[in-house]
>>> print(open('work.pdb').read())   # PDB, C-alpha atoms (C1' of nucleotides)
ATOM      1  CA  MET F1209      22.215 -23.099   2.483
ATOM      2  CA  SER F1210      21.548 -20.196   0.263
ATOM      3  CA  GLN F1211      22.002 -21.850  -3.054
ATOM      4  CA  PRO F1212      18.426 -22.840  -3.694
ATOM      5  CA  SER F1213      18.254 -22.352  -7.437
ATOM      6  CA  PRO F1214      19.475 -25.392  -9.321
ATOM      7  CA  ALA F1215      17.888 -23.924 -12.429
ATOM      8  CA  PRO F1216      14.129 -24.492 -12.132
ATOM      9  CA  ALA F1217      13.805 -25.755 -15.665
ATOM     10  CA  THR F1218      10.594 -23.854 -16.315
ATOM     11  CA  VAL F1219      12.115 -20.450 -16.299
ATOM     12  CA  ALA F1220      15.539 -19.159 -17.111
ATOM     13  CA  GLY F1221      15.442 -15.791 -15.368
ATOM     14  CA  ARG F1222      16.500 -14.437 -12.031
ATOM     15  CA  ALA F1223      14.546 -15.182  -8.937
ATOM     16  CA  LEU F1224      11.879 -12.871  -7.585
ATOM     17  CA  GLU F1225      11.176 -12.438  -3.900
ATOM     18  CA  HIS F1226       7.688 -13.399  -2.849
ATOM     19  CA  PRO F1227       6.393 -13.407   0.709
ATOM     20  CA  ALA F1228       5.393 -16.851   1.918
ATOM     21  CA  ARG F1229       1.721 -17.195   2.671
ATOM     22  CA  GLU F1230       2.189 -16.860   6.414
ATOM     23  CA  ARG F1231       4.168 -13.682   5.978
ATOM     24  CA  ILE F1232       1.479 -11.789   4.138
ATOM     25  CA  ARG F1233       0.385  -8.820   6.255
ATOM     26  CA  LEU F1234      -3.066  -7.332   6.101
ATOM     27  CA  ASP F1235      -1.812  -3.775   6.429
ATOM     28  CA  GLN F1236       0.394  -4.248   3.437
ATOM     29  CA  VAL F1237      -2.428  -5.824   1.471
ATOM     30  CA  LEU F1238      -4.815  -2.973   2.225
ATOM     31  CA  GLN F1239      -2.135  -0.447   1.430
ATOM     32  CA  ALA F1240      -1.582  -2.129  -1.908
ATOM     33  CA  LEU F1241      -5.309  -2.148  -2.609
ATOM     34  CA  ALA F1242      -5.616   1.540  -1.849
ATOM     35  CA  ASP F1243      -4.433   2.697  -5.241
ATOM     36  CA  PRO F1244      -6.705   2.885  -8.281
ATOM     37  CA  LEU F1245      -3.984   1.822 -10.653
ATOM     38  CA  ARG F1246      -3.120  -1.277  -8.673
ATOM     39  CA  LEU F1247      -6.770  -2.058  -8.211
ATOM     40  CA  SER F1248      -7.190  -1.960 -11.964
ATOM     41  CA  VAL F1249      -4.329  -4.423 -12.332
ATOM     42  CA  LEU F1250      -6.032  -6.829  -9.964
ATOM     43  CA  HIS F1251      -9.280  -6.389 -11.809
ATOM     44  CA  LYS F1252      -7.722  -7.210 -15.146
ATOM     45  CA  LEU F1253      -5.975 -10.240 -13.712
ATOM     46  CA  ALA F1254      -9.191 -11.466 -12.140
ATOM     47  CA  ALA F1255     -11.126 -10.837 -15.327
ATOM     48  CA  ALA F1256      -8.619 -12.897 -17.288
ATOM     49  CA  GLY F1257      -9.781 -15.972 -15.431
ATOM     50  CA  PRO F1258      -8.324 -18.098 -12.638
ATOM     51  CA  GLY F1259      -4.660 -18.845 -13.014
ATOM     52  CA  ALA F1260      -4.323 -16.443 -15.905
ATOM     53  CA  GLU F1261      -0.940 -14.938 -16.537
ATOM     54  CA  LEU F1262      -0.581 -11.513 -18.058
ATOM     55  CA  SER F1263       2.637  -9.702 -18.814
ATOM     56  CA  CYS F1264       3.289  -6.273 -17.393
ATOM     57  CA  SER F1265       2.950  -4.697 -20.807
ATOM     58  CA  ASP F1266      -0.261  -6.603 -21.484
ATOM     59  CA  LEU F1267      -1.833  -4.711 -18.638
ATOM     60  CA  ASP F1268      -0.982  -1.476 -20.320
ATOM     61  CA  LEU F1269      -0.929   1.010 -17.479
ATOM     62  CA  PRO F1270      -1.177   4.709 -18.319
ATOM     63  CA  VAL F1271       2.146   5.481 -16.641
ATOM     64  CA  SER F1272       5.814   5.206 -17.442
ATOM     65  CA  LYS F1273       7.617   1.897 -17.288
ATOM     66  CA  SER F1274       9.442   2.715 -14.104
ATOM     67  CA  THR F1275       6.212   3.610 -12.400
ATOM     68  CA  SER F1276       4.696   0.425 -13.676
ATOM     69  CA  THR F1277       7.546  -1.578 -12.224
ATOM     70  CA  HIS F1278       7.014   0.179  -8.935
ATOM     71  CA  HIS F1279       3.338  -0.768  -8.726
ATOM     72  CA  PHE F1280       3.947  -4.376  -9.647
ATOM     73  CA  ARG F1281       6.568  -4.638  -6.965
ATOM     74  CA  VAL F1282       4.176  -3.251  -4.388
ATOM     75  CA  LEU F1283       1.607  -5.844  -5.398
ATOM     76  CA  ARG F1284       4.136  -8.652  -5.316
ATOM     77  CA  GLU F1285       5.659  -7.686  -1.986
ATOM     78  CA  ALA F1286       2.220  -7.377  -0.455
ATOM     79  CA  GLY F1287       1.560 -10.931  -1.577
ATOM     80  CA  LEU F1288      -1.253 -10.097  -3.966
ATOM     81  CA  ILE F1289       0.346 -11.339  -7.141
ATOM     82  CA  GLN F1290       2.848 -13.919  -8.228
ATOM     83  CA  GLN F1291       5.449 -12.914 -10.784
ATOM     84  CA  VAL F1292       7.521 -15.081 -13.028
ATOM     85  CA  TYR F1293       9.929 -14.381 -15.826
ATOM     86  CA  ARG F1294       9.072 -15.882 -19.166
ATOM     87  CA  GLY F1295      11.573 -14.858 -21.742
ATOM     88  CA  THR F1296      11.951 -11.126 -21.625
ATOM     89  CA  ALA F1297       8.459 -10.731 -20.258
ATOM     90  CA  LYS F1298       7.355 -10.917 -16.657
ATOM     91  CA  MET F1299       4.084 -12.714 -16.160
ATOM     92  CA  ASN F1300       1.682 -11.800 -13.387
ATOM     93  CA  ALA F1301      -0.961 -13.919 -11.719
ATOM     94  CA  LEU F1302      -3.269 -13.382  -8.773
ATOM     95  CA  ARG F1303      -2.472 -15.310  -5.595
ATOM     96  CA  ARG F1304      -6.121 -16.198  -5.177
ATOM     97  CA  ASP F1305      -5.664 -19.331  -3.097
ATOM     98  CA  ASP F1306      -3.225 -17.901  -0.600
ATOM     99  CA  LEU F1307      -5.384 -14.842  -0.102
ATOM    100  CA  GLU F1308      -8.521 -16.901   0.247
ATOM    101  CA  VAL F1309      -6.931 -18.989   2.975
ATOM    102  CA  LEU F1310      -5.622 -15.964   4.862
ATOM    103  CA  PHE F1311      -8.465 -13.523   4.373
ATOM    104  CA  PRO F1312     -11.532 -15.339   3.081
ATOM    105  CA  GLY F1313     -13.751 -13.244   0.884
ATOM    106  CA  LEU F1314     -11.572 -10.173   1.052
ATOM    107  CA  LEU F1315     -10.316 -10.109  -2.504
ATOM    108  CA  GLU F1316     -13.730 -11.040  -3.839
ATOM    109  CA  ALA F1317     -15.395  -8.283  -1.861
ATOM    110  CA  VAL F1318     -12.950  -5.650  -3.015
ATOM    111  CA  LEU F1319     -13.145  -6.652  -6.654
ATOM    112  CA  ALA F1320     -16.914  -6.828  -6.487
ATOM    113  CA  ALA F1321     -16.978  -3.389  -4.883
ATOM    114  CA  ALA F1322     -14.833  -1.993  -7.660
ATOM    115  CA  ALA F1323     -17.028  -3.582 -10.304
ATOM    116  CA  ARG F1324     -20.128  -2.233  -8.631
ATOM    117  CA  GLU F1325     -18.746   1.263  -8.479
ATOM    118  CA  ARG F1326     -17.833   1.095 -12.127
ATOM    119  CA  LEU F1327     -21.535   0.703 -12.889
ATOM    120  CA  ARG F1328     -22.638   3.890 -11.199
TER     121      ARG F1328
ATOM    122  CA  MET S 520     -17.649  36.651  13.415
ATOM    123  CA  SER S 521     -19.113  35.007  10.408
ATOM    124  CA  GLN S 522     -21.929  32.605  11.215
ATOM    125  CA  PRO S 523     -24.358  32.809  14.128
ATOM    126  CA  SER S 524     -25.313  29.179  13.439
ATOM    127  CA  PRO S 525     -29.111  28.973  13.265
ATOM    128  CA  ALA S 526     -29.597  25.985  15.550
ATOM    129  CA  PRO S 527     -30.356  22.748  13.626
ATOM    130  CA  ALA S 528     -32.934  21.670  16.192
ATOM    131  CA  THR S 529     -31.823  18.049  16.334
ATOM    132  CA  VAL S 530     -28.824  18.343  18.598
ATOM    133  CA  ALA S 531     -27.057  21.179  20.279
ATOM    134  CA  GLY S 532     -23.809  21.047  18.272
ATOM    135  CA  ARG S 533     -23.107  22.372  14.823
ATOM    136  CA  ALA S 534     -23.493  20.181  11.832
ATOM    137  CA  LEU S 535     -20.836  17.808  10.529
ATOM    138  CA  GLU S 536     -20.341  17.094   6.850
ATOM    139  CA  HIS S 537     -21.061  13.525   5.851
ATOM    140  CA  PRO S 538     -21.005  12.213   2.311
ATOM    141  CA  ALA S 539     -24.379  10.959   1.130
ATOM    142  CA  ARG S 540     -24.472   7.256   0.416
ATOM    143  CA  GLU S 541     -24.192   7.732  -3.344
ATOM    144  CA  ARG S 542     -21.155   9.912  -2.938
ATOM    145  CA  ILE S 543     -19.072   7.378  -1.080
ATOM    146  CA  ARG S 544     -16.049   6.485  -3.201
ATOM    147  CA  LEU S 545     -14.335   3.131  -3.027
ATOM    148  CA  ASP S 546     -10.880   4.620  -3.387
ATOM    149  CA  GLN S 547     -11.477   6.823  -0.402
ATOM    150  CA  VAL S 548     -12.839   3.906   1.606
ATOM    151  CA  LEU S 549      -9.846   1.731   0.843
ATOM    152  CA  GLN S 550      -7.503   4.591   1.575
ATOM    153  CA  ALA S 551      -9.186   5.048   4.933
ATOM    154  CA  LEU S 552      -8.941   1.341   5.673
ATOM    155  CA  ALA S 553      -5.252   1.275   4.885
ATOM    156  CA  ASP S 554      -4.154   2.550   8.275
ATOM    157  CA  PRO S 555      -3.816   0.324  11.337
ATOM    158  CA  LEU S 556      -5.052   2.986  13.687
ATOM    159  CA  ARG S 557      -8.195   3.641  11.704
ATOM    160  CA  LEU S 558      -8.746  -0.058  11.277
ATOM    161  CA  SER S 559      -8.613  -0.455  15.041
ATOM    162  CA  VAL S 560     -11.254   2.235  15.379
ATOM    163  CA  LEU S 561     -13.555   0.356  13.051
ATOM    164  CA  HIS S 562     -12.877  -2.849  14.911
ATOM    165  CA  LYS S 563     -13.811  -1.331  18.252
ATOM    166  CA  LEU S 564     -16.960   0.212  16.821
ATOM    167  CA  ALA S 565     -17.954  -3.089  15.268
ATOM    168  CA  ALA S 566     -17.189  -4.953  18.484
ATOM    169  CA  ALA S 567     -19.405  -2.563  20.418
ATOM    170  CA  GLY S 568     -22.412  -3.946  18.587
ATOM    171  CA  PRO S 569     -24.639  -2.664  15.785
ATOM    172  CA  GLY S 570     -25.641   0.951  16.145
ATOM    173  CA  ALA S 571     -23.243   1.463  19.018
ATOM    174  CA  GLU S 572     -21.967   4.964  19.615
ATOM    175  CA  LEU S 573     -18.558   5.556  21.125
ATOM    176  CA  SER S 574     -16.969   8.883  21.848
ATOM    177  CA  CYS S 575     -13.577   9.736  20.403
ATOM    178  CA  SER S 576     -11.985   9.511  23.815
ATOM    179  CA  ASP S 577     -13.689   6.194  24.521
ATOM    180  CA  LEU S 578     -11.714   4.744  21.676
ATOM    181  CA  ASP S 579      -8.533   5.805  23.349
ATOM    182  CA  LEU S 580      -6.073   6.023  20.512
ATOM    183  CA  PRO S 581      -2.376   6.018  21.348
ATOM    184  CA  VAL S 582      -1.824   9.365  19.647
ATOM    185  CA  SER S 583      -2.332  13.023  20.423
ATOM    186  CA  LYS S 584      -5.740  14.648  20.264
ATOM    187  CA  SER S 585      -5.031  16.457  17.044
ATOM    188  CA  THR S 586      -3.948  13.260  15.379
ATOM    189  CA  SER S 587      -7.056  11.579  16.669
ATOM    190  CA  THR S 588      -9.206  14.320  15.178
ATOM    191  CA  HIS S 589      -7.433  13.836  11.882
ATOM    192  CA  HIS S 590      -8.145  10.101  11.715
ATOM    193  CA  PHE S 591     -11.782  10.481  12.645
ATOM    194  CA  ARG S 592     -12.220  13.055   9.949
ATOM    195  CA  VAL S 593     -10.696  10.737   7.374
ATOM    196  CA  LEU S 594     -13.107   8.012   8.419
ATOM    197  CA  ARG S 595     -16.080  10.348   8.336
ATOM    198  CA  GLU S 596     -15.231  11.898   4.982
ATOM    199  CA  ALA S 597     -14.700   8.471   3.485
ATOM    200  CA  GLY S 598     -18.196   7.561   4.618
ATOM    201  CA  LEU S 599     -17.175   4.852   7.045
ATOM    202  CA  ILE S 600     -18.497   6.402  10.210
ATOM    203  CA  GLN S 601     -21.230   8.756  11.270
ATOM    204  CA  GLN S 602     -20.390  11.436  13.807
ATOM    205  CA  VAL S 603     -22.691  13.405  16.052
ATOM    206  CA  TYR S 604     -22.118  15.891  18.819
ATOM    207  CA  ARG S 605     -23.492  14.921  22.193
ATOM    208  CA  GLY S 606     -22.610  17.475  24.789
ATOM    209  CA  THR S 607     -18.899  18.049  24.658
ATOM    210  CA  ALA S 608     -18.320  14.626  23.246
ATOM    211  CA  LYS S 609     -18.471  13.520  19.635
ATOM    212  CA  MET S 610     -20.072  10.144  19.197
ATOM    213  CA  ASN S 611     -19.011   7.765  16.439
ATOM    214  CA  ALA S 612     -20.950   4.987  14.798
ATOM    215  CA  LEU S 613     -20.273   2.663  11.889
ATOM    216  CA  ARG S 614     -22.258   3.299   8.704
ATOM    217  CA  ARG S 615     -22.903  -0.398   8.329
ATOM    218  CA  ASP S 616     -26.074  -0.191   6.265
ATOM    219  CA  ASP S 617     -24.821   2.310   3.732
ATOM    220  CA  LEU S 618     -21.631   0.356   3.253
ATOM    221  CA  GLU S 619     -23.468  -2.918   2.943
ATOM    222  CA  VAL S 620     -25.675  -1.505   0.215
ATOM    223  CA  LEU S 621     -22.762  -0.017  -1.686
ATOM    224  CA  PHE S 622     -20.114  -2.681  -1.198
ATOM    225  CA  PRO S 623     -21.721  -5.857   0.136
ATOM    226  CA  GLY S 624     -19.459  -7.913   2.341
ATOM    227  CA  LEU S 625     -16.549  -5.527   2.124
ATOM    228  CA  LEU S 626     -16.547  -4.223   5.675
ATOM    229  CA  GLU S 627     -17.227  -7.675   7.054
ATOM    230  CA  ALA S 628     -14.389  -9.178   5.058
ATOM    231  CA  VAL S 629     -11.914  -6.541   6.167
ATOM    232  CA  LEU S 630     -12.874  -6.759   9.822
ATOM    233  CA  ALA S 631     -12.787 -10.534   9.679
ATOM    234  CA  ALA S 632      -9.371 -10.390   8.057
ATOM    235  CA  ALA S 633      -8.101  -8.124  10.796
ATOM    236  CA  ALA S 634      -9.518 -10.399  13.479
ATOM    237  CA  ARG S 635      -7.968 -13.411  11.812
ATOM    238  CA  GLU S 636      -4.570 -11.802  11.619
ATOM    239  CA  ARG S 637      -4.778 -10.868  15.279
ATOM    240  CA  LEU S 638      -4.874 -14.576  16.049
ATOM    241  CA  ARG S 639      -1.622 -15.462  14.333
TER     242      ARG S 639
ATOM    243  C1'  DC E 981      27.314 -10.991 -32.928
ATOM    244  C1'  DC E 982      24.272  -7.206 -32.716
ATOM    245  C1'  DC E 983      20.106  -5.343 -31.724
ATOM    246  C1'  DA E 984      15.409  -4.603 -30.371
ATOM    247  C1'  DT E 985      12.417  -5.641 -26.512
ATOM    248  C1'  DC E 986      11.053  -6.013 -21.767
ATOM    249  C1'  DA E 987      11.873  -4.800 -17.503
ATOM    250  C1'  DT E 988      15.050  -2.854 -13.393
ATOM    251  C1'  DA E 989      17.721   0.585 -10.796
ATOM    252  C1'  DC E 990      18.733   4.978  -9.404
ATOM    253  C1'  DG E 991      18.056   9.712  -8.371
ATOM    254  C1'  DA E 992      15.098  13.534  -8.134
ATOM    255  C1'  DG E 993      10.913  16.222  -7.674
ATOM    256  C1'  DC E 994       6.609  16.837  -5.682
ATOM    257  C1'  DA E 995       2.668  16.012  -3.105
ATOM    258  C1'  DC E 996       0.410  13.933   0.563
ATOM    259  C1'  DC E 997       0.107  11.676   5.125
ATOM    260  C1'  DG E 998       0.747  10.997  10.054
ATOM    261  C1'  DT E 999       2.395  13.186  13.821
ATOM    262  C1'  DC E1000       2.886  16.703  17.249
ATOM    263  C1'  DG E1001       2.308  21.110  20.312
ATOM    264  C1'  DA E1002       0.092  25.277  21.253
ATOM    265  C1'  DA E1003      -3.772  28.188  21.155
ATOM    266  C1'  DC E1004      -8.718  28.334  20.769
ATOM    267  C1'  DT E1005     -13.907  27.083  21.107
ATOM    268  C1'  DT E1006     -17.709  24.899  22.857
ATOM    269  C1'  DT E1007     -20.157  22.681  26.452
ATOM    270  C1'  DG E1008     -21.483  21.303  31.028
ATOM    271  C1'  DA E1009     -20.614  21.470  35.978
ATOM    272  C1'  DT E1010     -19.181  23.752  40.282
TER     273       DT E1010
ATOM    274  C1'  DA G 589     -18.713  33.312  36.575
ATOM    275  C1'  DT G 590     -15.296  30.282  36.506
ATOM    276  C1'  DC G 591     -13.272  26.060  35.397
ATOM    277  C1'  DA G 592     -12.385  21.586  33.489
ATOM    278  C1'  DA G 593     -13.142  18.413  29.703
ATOM    279  C1'  DA G 594     -13.575  17.285  24.809
ATOM    280  C1'  DG G 595     -12.425  18.500  20.218
ATOM    281  C1'  DT G 596     -10.785  21.706  16.598
ATOM    282  C1'  DT G 597      -7.577  24.453  14.097
ATOM    283  C1'  DC G 598      -3.205  25.880  12.665
ATOM    284  C1'  DG G 599       1.486  25.534  11.310
ATOM    285  C1'  DA G 600       5.382  22.673  11.184
ATOM    286  C1'  DC G 601       8.224  18.640  10.539
ATOM    287  C1'  DG G 602       9.685  14.185   8.830
ATOM    288  C1'  DG G 603       8.539  10.181   6.227
ATOM    289  C1'  DT G 604       6.585   7.916   2.567
ATOM    290  C1'  DG G 605       4.433   7.358  -2.025
ATOM    291  C1'  DC G 606       3.806   8.290  -7.047
ATOM    292  C1'  DT G 607       5.850  10.027 -10.814
ATOM    293  C1'  DC G 608       9.318  10.577 -14.266
ATOM    294  C1'  DG G 609      13.797  10.313 -17.230
ATOM    295  C1'  DT G 610      17.874   8.222 -18.032
ATOM    296  C1'  DA G 611      20.989   4.697 -17.780
ATOM    297  C1'  DT G 612      21.552  -0.302 -17.198
ATOM    298  C1'  DG G 613      20.787  -5.432 -17.441
ATOM    299  C1'  DA G 614      18.704  -9.827 -19.381
ATOM    300  C1'  DT G 615      16.616 -12.381 -23.314
ATOM    301  C1'  DG G 616      15.646 -14.027 -27.749
ATOM    302  C1'  DG G 617      15.762 -13.337 -32.832
ATOM    303  C1'  DG G 618      18.066 -12.201 -37.098
TER     304       DG G 618
END
>>> encode(input="work.pdb", output="C-alpha cells")
Amino acid sequence: MSQPSPAPATVAGRALEHPARERIRLDQVLQALADPLRLSVLHKLAAAGPGAELSCSDLDLPVSKSTSTHHFRVLREAGLIQQVYRGTAKMNALRRDDLEVLFPGLLEAVLAAAARERLR
Amino acid sequence: MSQPSPAPATVAGRALEHPARERIRLDQVLQALADPLRLSVLHKLAAAGPGAELSCSDLDLPVSKSTSTHHFRVLREAGLIQQVYRGTAKMNALRRDDLEVLFPGLLEAVLAAAARERLR
DNA sequence: CCCATCATACGAGCACCGTCGAACTTTGAT
DNA sequence: ATCAAAGTTCGACGGTGCTCGTATGATGGG
C-alpha cells in the first residue's frame, strides 16, 4: 500500500508532499499569497517562463536559509509550487495548470497586480 | 473633551478614514483577502449587486461585535470597502471601481475562485 | 573517504492576528 | 427624558507566523 516509490528514475532524493489538485484550498492559497517575500518568489518563477525550474538558492531571498525553507514549504503545501530534488538542489516550478483549472485567472491577476504596483 | 466635530455637512456621522485610490497597497489587499470571514463579507457585498450598501449587522457575521468591527476596519483600511454612517448603522460598499483601476480582474478572480470552491 | 554544498529540523523569540467581554458613545424612537 | 439599537474602544488571552542560529541529513566531487 504505502510503498509507492520504486525509485522514480528521474530523481534520486526523498519524496516531497504535494497536495493533489482537488485538495488545494483557496484560503491556503490566499494566505500564501499574502506575503511579499512569497509573492516575489512567484513573480520570479513566472518571469522565468512557463515550466521553468529554479533552485531555492537561485531565487536568492533576503532571509536566512531556514526562513527560506519555511516560505517554500508554505508555497508547496498551499499548492502553488511544485518542488523536486535535483542533486543537492531543490527545484521549484509554478503549478500554473492546476491553479488555472481550479481558480481561473487568479494567479494571473495577482501577478499582474504585483507588476502594476511595482510601476508606481 | 477634545474635538467638537465641526459637522461635515454630507452625513450626520463623523468621518471615517479611507485610503485614497493611489494609496491602496497590494500587500494590504491580499492580507485582507486572506481571511475566510472577510472574504465572505466581500462575497455578500458583491452578491448584493453593484453599488449595494449593507450595514454591518446585515452581514451577520458569526462573531462578536468587537470582532466584527475589527474585520470591517481591516477591509476599509486595505481599501476594499467604503464605509459611511447612516443613522446608527454603518453602511458598507465594495470599492469595485478603484480596485478595478488598480488591479484589473483581481477582485473578480478572487470572488469567482471562492464561488467555485463553494461548489466542490 | 572526506568534504563542501544545499537544504531540513528543531527550538526560541517576538510580533501580530483573531477573538472575546465589558464599558462607553452616538443616534433615533417612545 | 429615557431607552434600545448599532458600533467603538480597551485590555486581555491564545494561537499563529516570521525570523533566526545551530545542529543535522543528503548529495556529488575530489
>>> residues_around(input="work.pdb", residues="DT615 of chain G", least_positions_apart="5", cutoff="9 Å", atoms="all atoms listed in the file", output="mmCIF file with C-alpha atoms (C1' of nucleotides), in the coordinates of the input")
data_model
loop_
_atom_site.group_PDB
_atom_site.id
_atom_site.type_symbol
_atom_site.label_atom_id
_atom_site.label_comp_id
_atom_site.auth_asym_id
_atom_site.auth_seq_id
_atom_site.Cartn_x
_atom_site.Cartn_y
_atom_site.Cartn_z
ATOM 1 C CA GLY F 1221 15.442 -15.791 -15.368
ATOM 2 C CA GLY F 1295 11.573 -14.858 -21.742
ATOM 3 C CA THR F 1296 11.951 -11.126 -21.625
ATOM 4 C CA ALA F 1297 8.459 -10.731 -20.258
ATOM 5 C "C1'" DT E 985 12.417 -5.641 -26.512
ATOM 6 C "C1'" DC E 986 11.053 -6.013 -21.767
#
>>> interface_residues(input="work.pdb", of="chain S", to="chain E", cutoff="12 Å", atoms="only C-alpha atoms (C1' of nucleotides)", output="ChimeraX atom specification")
/S:531-533,550-551,553-557,581-590,593,604-609
>>> resolve_selection(input="work.pdb", expression="the PyMOL selection byres ((chain G) within 8 of (chain F))", output="list in words")
DC606, DT607, DC608, DA614, DT615 and DG616 of chain G
>>> closest_residue(input="work.pdb", among="S:Ala571, S:Val620, S:Leu535, S:Ile600", to="chain F", atoms="only C-alpha atoms")
S:Val620
>>> interface_residues(input="work.pdb", of="chain S", to="chain F", cutoff="9 Å", atoms="all atoms listed in the file", output="JSON, numbers by chain")
{"S": [541, 544, 545, 546, 547, 548, 549, 550, 551, 552, 553, 554, 555, 621, 622, 623, 624, 625, 626, 627, 628, 629, 631, 632, 633, 635, 636, 639]}
>>> atom_distance(input="work.pdb", atom1="atom C1' of DG617 of chain G", atom2="atom CA of Glu1225 of chain F")
29.3 Å
>>> calpha_fit_and_write(input="work.pdb", fixed="chain S", moving="chain F", output="CSV table (one decimal) with C-alpha atoms, in the coordinates of the input")
chain,number,residue,atom,x,y,z
F,1209,MET,CA,-29.0,29.6,1.5
F,1210,SER,CA,-26.2,28.8,3.7
F,1211,GLN,CA,-27.8,29.1,7.0
F,1212,PRO,CA,-28.9,25.6,7.5
F,1213,SER,CA,-28.5,25.2,11.3
F,1214,PRO,CA,-31.5,26.5,13.1
F,1215,ALA,CA,-30.2,24.7,16.2
F,1216,PRO,CA,-30.8,21.0,15.8
F,1217,ALA,CA,-32.1,20.6,19.3
F,1218,THR,CA,-30.3,17.3,19.8
F,1219,VAL,CA,-26.9,18.7,19.9
F,1220,ALA,CA,-25.5,22.1,20.9
F,1221,GLY,CA,-22.1,22.0,19.2
F,1222,ARG,CA,-20.7,23.1,15.9
F,1223,ALA,CA,-21.5,21.3,12.7
F,1224,LEU,CA,-19.2,18.6,11.3
F,1225,GLU,CA,-18.7,18.0,7.6
F,1226,HIS,CA,-19.8,14.6,6.4
F,1227,PRO,CA,-19.8,13.4,2.8
F,1228,ALA,CA,-23.2,12.6,1.5
F,1229,ARG,CA,-23.7,8.9,0.6
F,1230,GLU,CA,-23.3,9.5,-3.1
F,1231,ARG,CA,-20.0,11.4,-2.6
F,1232,ILE,CA,-18.2,8.6,-0.8
F,1233,ARG,CA,-15.3,7.5,-2.9
F,1234,LEU,CA,-13.9,4.0,-2.9
F,1235,ASP,CA,-10.3,5.2,-3.1
F,1236,GLN,CA,-10.7,7.3,0.0
F,1237,VAL,CA,-12.4,4.4,1.8
F,1238,LEU,CA,-9.6,2.0,1.0
F,1239,GLN,CA,-7.0,4.6,1.9
F,1240,ALA,CA,-8.8,5.1,5.3
F,1241,LEU,CA,-8.9,1.3,5.8
F,1242,ALA,CA,-5.2,0.9,5.1
F,1243,ASP,CA,-4.1,2.0,8.5
F,1244,PRO,CA,-4.0,-0.4,11.5
F,1245,LEU,CA,-5.0,2.2,14.0
F,1246,ARG,CA,-8.0,3.3,12.0
F,1247,LEU,CA,-8.9,-0.3,11.4
F,1248,SER,CA,-8.9,-0.9,15.1
F,1249,VAL,CA,-11.3,2.0,15.5
F,1250,LEU,CA,-13.7,0.5,13.1
F,1251,HIS,CA,-13.4,-2.9,14.8
F,1252,LYS,CA,-14.2,-1.4,18.2
F,1253,LEU,CA,-17.2,0.5,16.8
F,1254,ALA,CA,-18.4,-2.6,15.1
F,1255,ALA,CA,-17.9,-4.7,18.2
F,1256,ALA,CA,-19.9,-2.2,20.2
F,1257,GLY,CA,-23.0,-3.2,18.3
F,1258,PRO,CA,-25.1,-1.6,15.5
F,1259,GLY,CA,-25.7,2.1,16.0
F,1260,ALA,CA,-23.3,2.2,19.0
F,1261,GLU,CA,-21.7,5.5,19.7
F,1262,LEU,CA,-18.3,5.7,21.3
F,1263,SER,CA,-16.5,8.9,22.2
F,1264,CYS,CA,-13.0,9.5,20.9
F,1265,SER,CA,-11.5,9.0,24.3
F,1266,ASP,CA,-13.5,5.8,24.8
F,1267,LEU,CA,-11.6,4.3,21.9
F,1268,ASP,CA,-8.3,5.0,23.7
F,1269,LEU,CA,-5.8,5.1,20.9
F,1270,PRO,CA,-2.1,4.7,21.8
F,1271,VAL,CA,-1.3,8.0,20.2
F,1272,SER,CA,-1.4,11.7,21.1
F,1273,LYS,CA,-4.7,13.6,21.0
F,1274,SER,CA,-3.8,15.5,17.9
F,1275,THR,CA,-3.0,12.3,16.1
F,1276,SER,CA,-6.2,10.8,17.3
F,1277,THR,CA,-8.1,13.8,15.9
F,1278,HIS,CA,-6.3,13.3,12.6
F,1279,HIS,CA,-7.4,9.7,12.3
F,1280,PHE,CA,-11.0,10.4,13.2
F,1281,ARG,CA,-11.1,13.1,10.6
F,1282,VAL,CA,-9.8,10.8,7.9
F,1283,LEU,CA,-12.4,8.2,8.8
F,1284,ARG,CA,-15.2,10.8,8.8
F,1285,GLU,CA,-14.1,12.5,5.5
F,1286,ALA,CA,-13.9,9.1,3.9
F,1287,GLY,CA,-17.5,8.5,4.9
F,1288,LEU,CA,-16.7,5.5,7.2
F,1289,ILE,CA,-18.0,7.1,10.4
F,1290,GLN,CA,-20.5,9.6,11.6
F,1291,GLN,CA,-19.5,12.1,14.2
F,1292,VAL,CA,-21.6,14.1,16.5
F,1293,TYR,CA,-20.9,16.4,19.4
F,1294,ARG,CA,-22.5,15.5,22.7
F,1295,GLY,CA,-21.4,17.8,25.4
F,1296,THR,CA,-17.7,18.1,25.3
F,1297,ALA,CA,-17.3,14.7,23.9
F,1298,LYS,CA,-17.5,13.7,20.2
F,1299,MET,CA,-19.4,10.5,19.6
F,1300,ASN,CA,-18.5,8.2,16.7
F,1301,ALA,CA,-20.7,5.7,14.9
F,1302,LEU,CA,-20.1,3.4,11.9
F,1303,ARG,CA,-22.0,4.4,8.7
F,1304,ARG,CA,-23.0,0.8,8.2
F,1305,ASP,CA,-26.1,1.4,6.1
F,1306,ASP,CA,-24.6,3.9,3.7
F,1307,LEU,CA,-21.5,1.7,3.2
F,1308,GLU,CA,-23.7,-1.4,2.7
F,1309,VAL,CA,-25.7,0.4,0.0
F,1310,LEU,CA,-22.6,1.7,-1.8
F,1311,PHE,CA,-20.2,-1.3,-1.4
F,1312,PRO,CA,-22.2,-4.3,-0.3
F,1313,GLY,CA,-20.2,-6.7,1.9
F,1314,LEU,CA,-17.0,-4.6,1.8
F,1315,LEU,CA,-17.0,-3.5,5.4
F,1316,GLU,CA,-18.0,-6.9,6.6
F,1317,ALA,CA,-15.3,-8.6,4.6
F,1318,VAL,CA,-12.6,-6.2,5.9
F,1319,LEU,CA,-13.7,-6.5,9.5
F,1320,ALA,CA,-13.9,-10.3,9.2
F,1321,ALA,CA,-10.5,-10.4,7.7
F,1322,ALA,CA,-9.1,-8.4,10.5
F,1323,ALA,CA,-10.7,-10.6,13.1
F,1324,ARG,CA,-9.5,-13.7,11.3
F,1325,GLU,CA,-5.9,-12.4,11.2
F,1326,ARG,CA,-6.1,-11.6,14.9
F,1327,LEU,CA,-6.6,-15.3,15.5
F,1328,ARG,CA,-3.4,-16.5,13.8
